[in-house]
Amino acid sequence: MNTEETNVEMKDAQSISAEQKGGPDAAPDAARAAIDADATEADVSEADLDQEEQEKQPMTADGDRPPEAPPEGREEVDAEKNGSVKLKILDEEETFTGLNKEELLRVAGTPGWVRTRWALLLVFWLGWLGMLVGAVLILLQAPRCRELPATSWWNEGPLYQIGNIHAFTDTHNLKGVEQKMTSLSQLKVKGLVVGPIHVAPPDEAMSLRFEEVSPEAGNLEQFKGVIQAARRKGISVVLDLTPNYQGSSGPWFSRSSVTNVAERLKSALVFWLNEGVDGVQLSGVEQLASTVPALWDDIRAIVQNGTDQDLRGGSERLLLGVTESSSADGVSALLSSIGVDLLISKVLTTGGPEPARYARTIQRLYSNHTQTKLAWNLGGRDDGHLASLVPPAHVKLYQLLLLTLPGTPVFSYGDEIGLMDGETKFPTMLWDYEEELNGTLQEDQTDRLSLRNFFRSVSELRAKQRSLLHGDFLLLSNSSSSLAYLRVWDQNDRYLAAFNWGPEEEAVLQMSEAALPRHAAVALSTNSSALPEGSSVDLTELRLGPGQAALIKLPHSG
């Protein structure tokens with residue numbers, strides 16, 4: 001039985017009872033009772049509808065899960081009991097949303113919080129000022145770094161002379177030089193000194209053509225290719241414009257022709273600088289400077305100041321002089337008077353291996369000039385290759401010497417592999433270290449590769465270490481057969497170079513310099529089996545075998 005039927009029956013029963021009790025006079029009362037019953041029925045029906053609507057809505061305790069259904073038949077029992085309707089009301093879960101802006105402002109303005117904020121602000125600024133003062137004190141007490149010297153590109157690595165294009169490459173022309181640029185770049189050379197390559201019949205001044213490339217060397221387009229390939233590898237190109245490079249009457253022909261040749265050279269310099277060369281080499285510079293000083297000044301100005309149209313865009317150009325002088329005093333005087341950037345001389349070439357003389361020469365030139373003006377070489381166009389001037393076992397020793405002296409090292413092509421002169425001073429370059437050979441040829445190849453690898457290692461180290469690149473020079477020890485010096489720059493690692501020219505006897509170098517530690521590590525050695533890289537040596541009694549040299553790394557003295 002549903003709610004509606006129950007209400008109707010109740011109404012009917014009430015009507016009948018009224019009629020029975022009151023008779024006719026009770027009719028109005030019965031009518032009023034019927035109206036009241038209708039109102040009650042309407043209220044009950046409306047409540048039932050509200051109950052049904054609420055039960056249709058999802059009712060969950062947490063807002064997501066629907067309520068469990070009542071047991072079957074329970075809804076009817078609840079509805080029928082005493083004719084009443086049971087409604088279910090869920091309690092909503094309250095969540096804390098924090099303080100609003102007005103409440104936060106009221107709390108922040110309380111005396112306690114105001115005092116706390118001021119205390120934290122004071123602690124912050126005191127901490128910041130303390131760190132600032134500490135940083136200033138550290139800067140004031142720390143040793144200042146030494147300012148780097150002003151240098152040019154030719155002070156950053158070796159110069160590599162290719163005096164004969166035909167002998168240097170398999171193609172026998174300038175195209176072959178371009179093809180070998182990667183191999184040259186591996187040696188960390190900074191400049192190629194190419195040529196001479198211009199047309200210059202021997203001892204014929206009137207046939208001299210500075211601006212024309214000799215067919216034996218190639219052509220102008222090939223030379224431009226050399227410049228472009230070198231630039232891509234970070235290598236500069238210097239052109240040798242010595243006038244009479246194939247003659248016997250001197251680099252400037254006869255004395256009477258110097259003026260005419262120098263005048264023609266000026267226009268040639270402008271031509272080649274506009275083609276992109278990075279410098280010029282000239283032999284016999286003392287003759288030119290003394291015979292025609294005004295023309296010499298013009299030549300210097302053109303090379304060192306550049307032209308309005310040259311491709312270097314105002315960057316520095318090298319004026320490289322070559323002199324026959326072999327005395328330290330003579331070379332020092334020329335460096336002070338003729339104004340070249342570097343001067344190749346015979347100060348190390350002339351005479352035998354005399355460490356004491358080497359020490360005096362190096363010390364004299366280093367004392368009189370900044371090392372950016374000094375060039376060191378052994379051999380050259382007239383004297384031949386390094387391996388032909390020293391014992392073969394000493395080639396690595398001299399490589400280490402030239403690459404660690406204060407100044408710019410200058411090598412001839414093939415010096416990195418121990419190339420020796422043959423019938424001429426321009427032997428054919430050997431590139432077979434790039435190939436695989438057998439037997440005796442393989443042994444020779446192994447020796448050449450060992451020399452090249454050693455040259456490359458020292459050159460790479462020189463390029464990375466400021467002490468070797470432009471560090472101070474300090475002579476430590478020298479005798480009739482040995483030499484030792486220190487290269488040091490500011491707070492960088494120091495390097496001690498030690499040499500023993502003795503052919504048979506061991507050398508014991510005793511160095512009592514106060515700044516030297518008792519022990520140090522070997523960086524490079526000409527004999528890695530006797531002095532392996534990284535091995536420790538005693539500097540109070542440094543022992544070197546016959547013909548041996550070593551470069552030893554010392555931490556900065558701090």
# chains A, B, ... in the order shown; residues from 1 in each chain; ligands from 1

$ select_by_dssp --residues "region 136-343 of chain A" --states "helix (DSSP H, G or I)" --output "number ranges by chain"
A: 136-141, 153-155, 165-168, 174-179, 181-186, 205-207, 220-232, 255-274, 285-291, 293-305, 328-337

$ closest_residue --among "A:Pro427, A:Gly225, A:Gly195, A:Pro355" --to "Gly414 (chain A)" --atoms "only C-alpha atoms"
A:Pro427

$ closest_residue --among "A:Ser152, A:Ser214, A:Thr323, A:Ser477" --to "Met511 (chain A)" --atoms "only C-alpha atoms"
A:Ser477

$ residues_around --residues "region 381-395 of chain A" --least-positions-apart "2" --cutoff "10 Å" --atoms "only C-alpha atoms" --output "PyMOL selection string"
chain A and resi 161-164+245+324+346+349-350+352-353+377-379+397-401+411-422+424-427+451+455+500-501+503+526+546-549

$ residues_around --residues "Leu476 (chain A)" --least-positions-apart "5" --cutoff "9 Å" --atoms "only C-alpha atoms" --output "NGL selection string"
:A and (483-486 or 496 or 511-513)

$ write_last_selection --atoms "C-alpha atoms" --output "tab-separated table (two decimals), in the first residue's frame"
chain	number	residue	atom	x	y	z
A	483	LEU	CA	122.97	23.68	-19.71
A	484	ALA	CA	119.86	24.27	-17.58
A	485	TYR	CA	117.45	27.18	-17.41
A	486	LEU	CA	114.04	27.97	-15.98
A	496	LEU	CA	113.03	23.64	-16.25
A	511	MET	CA	121.06	23.46	-8.98
A	512	SER	CA	120.86	25.27	-5.67
A	513	GLU	CA	118.24	27.83	-6.63

$ select_by_dssp --residues "region 143-301 of chain A" --states "strand (DSSP E or B)" --output "PyMOL selection string"
chain A and resi 159-162+191-194+198-199+209-213+236-240+279-283

$ atom_distance --atom1 "CA of Leu318 (chain A)" --atom2 "CA of Trp154 (chain A)"
7.5 Å

$ residues_around --residues "Gln222 (chain A)" --least-positions-apart "3" --cutoff "9 Å" --atoms "only C-alpha atoms" --output "MDAnalysis selection string"
chainID A and resid 173:175 178 218:219 225:227

$ write_last_selection --atoms "N, CA and C atoms" --output "compact mmCIF listing (two decimals), in the first residue's frame"
# COMPACT_ATOMS: atom_id res chain seq x y z
N ASN A 173 104.92 21.96 -56.76
CA ASN A 173 104.44 23.33 -56.95
C ASN A 173 103.65 23.77 -55.72
N LEU A 174 103.14 24.98 -55.79
CA LEU A 174 102.44 25.56 -54.64
C LEU A 174 101.15 24.81 -54.29
N LYS A 175 100.58 24.12 -55.24
CA LYS A 175 99.38 23.34 -54.95
C LYS A 175 99.68 22.26 -53.92
N GLU A 178 99.55 23.68 -50.40
CA GLU A 178 98.17 23.77 -49.92
C GLU A 178 97.68 22.43 -49.41
N GLY A 218 104.98 27.45 -59.48
CA GLY A 218 103.55 27.37 -59.70
C GLY A 218 103.03 28.64 -60.35
N ASN A 219 101.90 29.13 -59.85
CA ASN A 219 101.33 30.36 -60.40
C ASN A 219 100.64 31.14 -59.29
N GLY A 225 95.67 30.09 -53.20
CA GLY A 225 95.12 28.92 -52.54
C GLY A 225 95.88 28.57 -51.27
N VAL A 226 97.21 28.75 -51.29
CA VAL A 226 98.02 28.52 -50.09
C VAL A 226 97.60 29.47 -48.98
N ILE A 227 97.42 30.74 -49.31
CA ILE A 227 97.03 31.74 -48.30
C ILE A 227 95.67 31.38 -47.70

$ closest_residue --among "A:Val508, A:Val213, A:Cys145, A:Leu430" --to "Leu449 (chain A)" --atoms "only C-alpha atoms"
A:Leu430

$ atom_distance --atom1 "CA of Val285 (chain A)" --atom2 "CA of Arg364 (chain A)"
21.7 Å

$ residues_around --residues "Arg209 (chain A)" --least-positions-apart "4" --cutoff "7 Å" --atoms "only C-alpha atoms" --output "MDAnalysis selection string"
chainID A and resid 198:200

$ atom_distance --atom1 "CA of Leu148 (chain A)" --atom2 "CA of Ile302 (chain A)"
28.3 Å
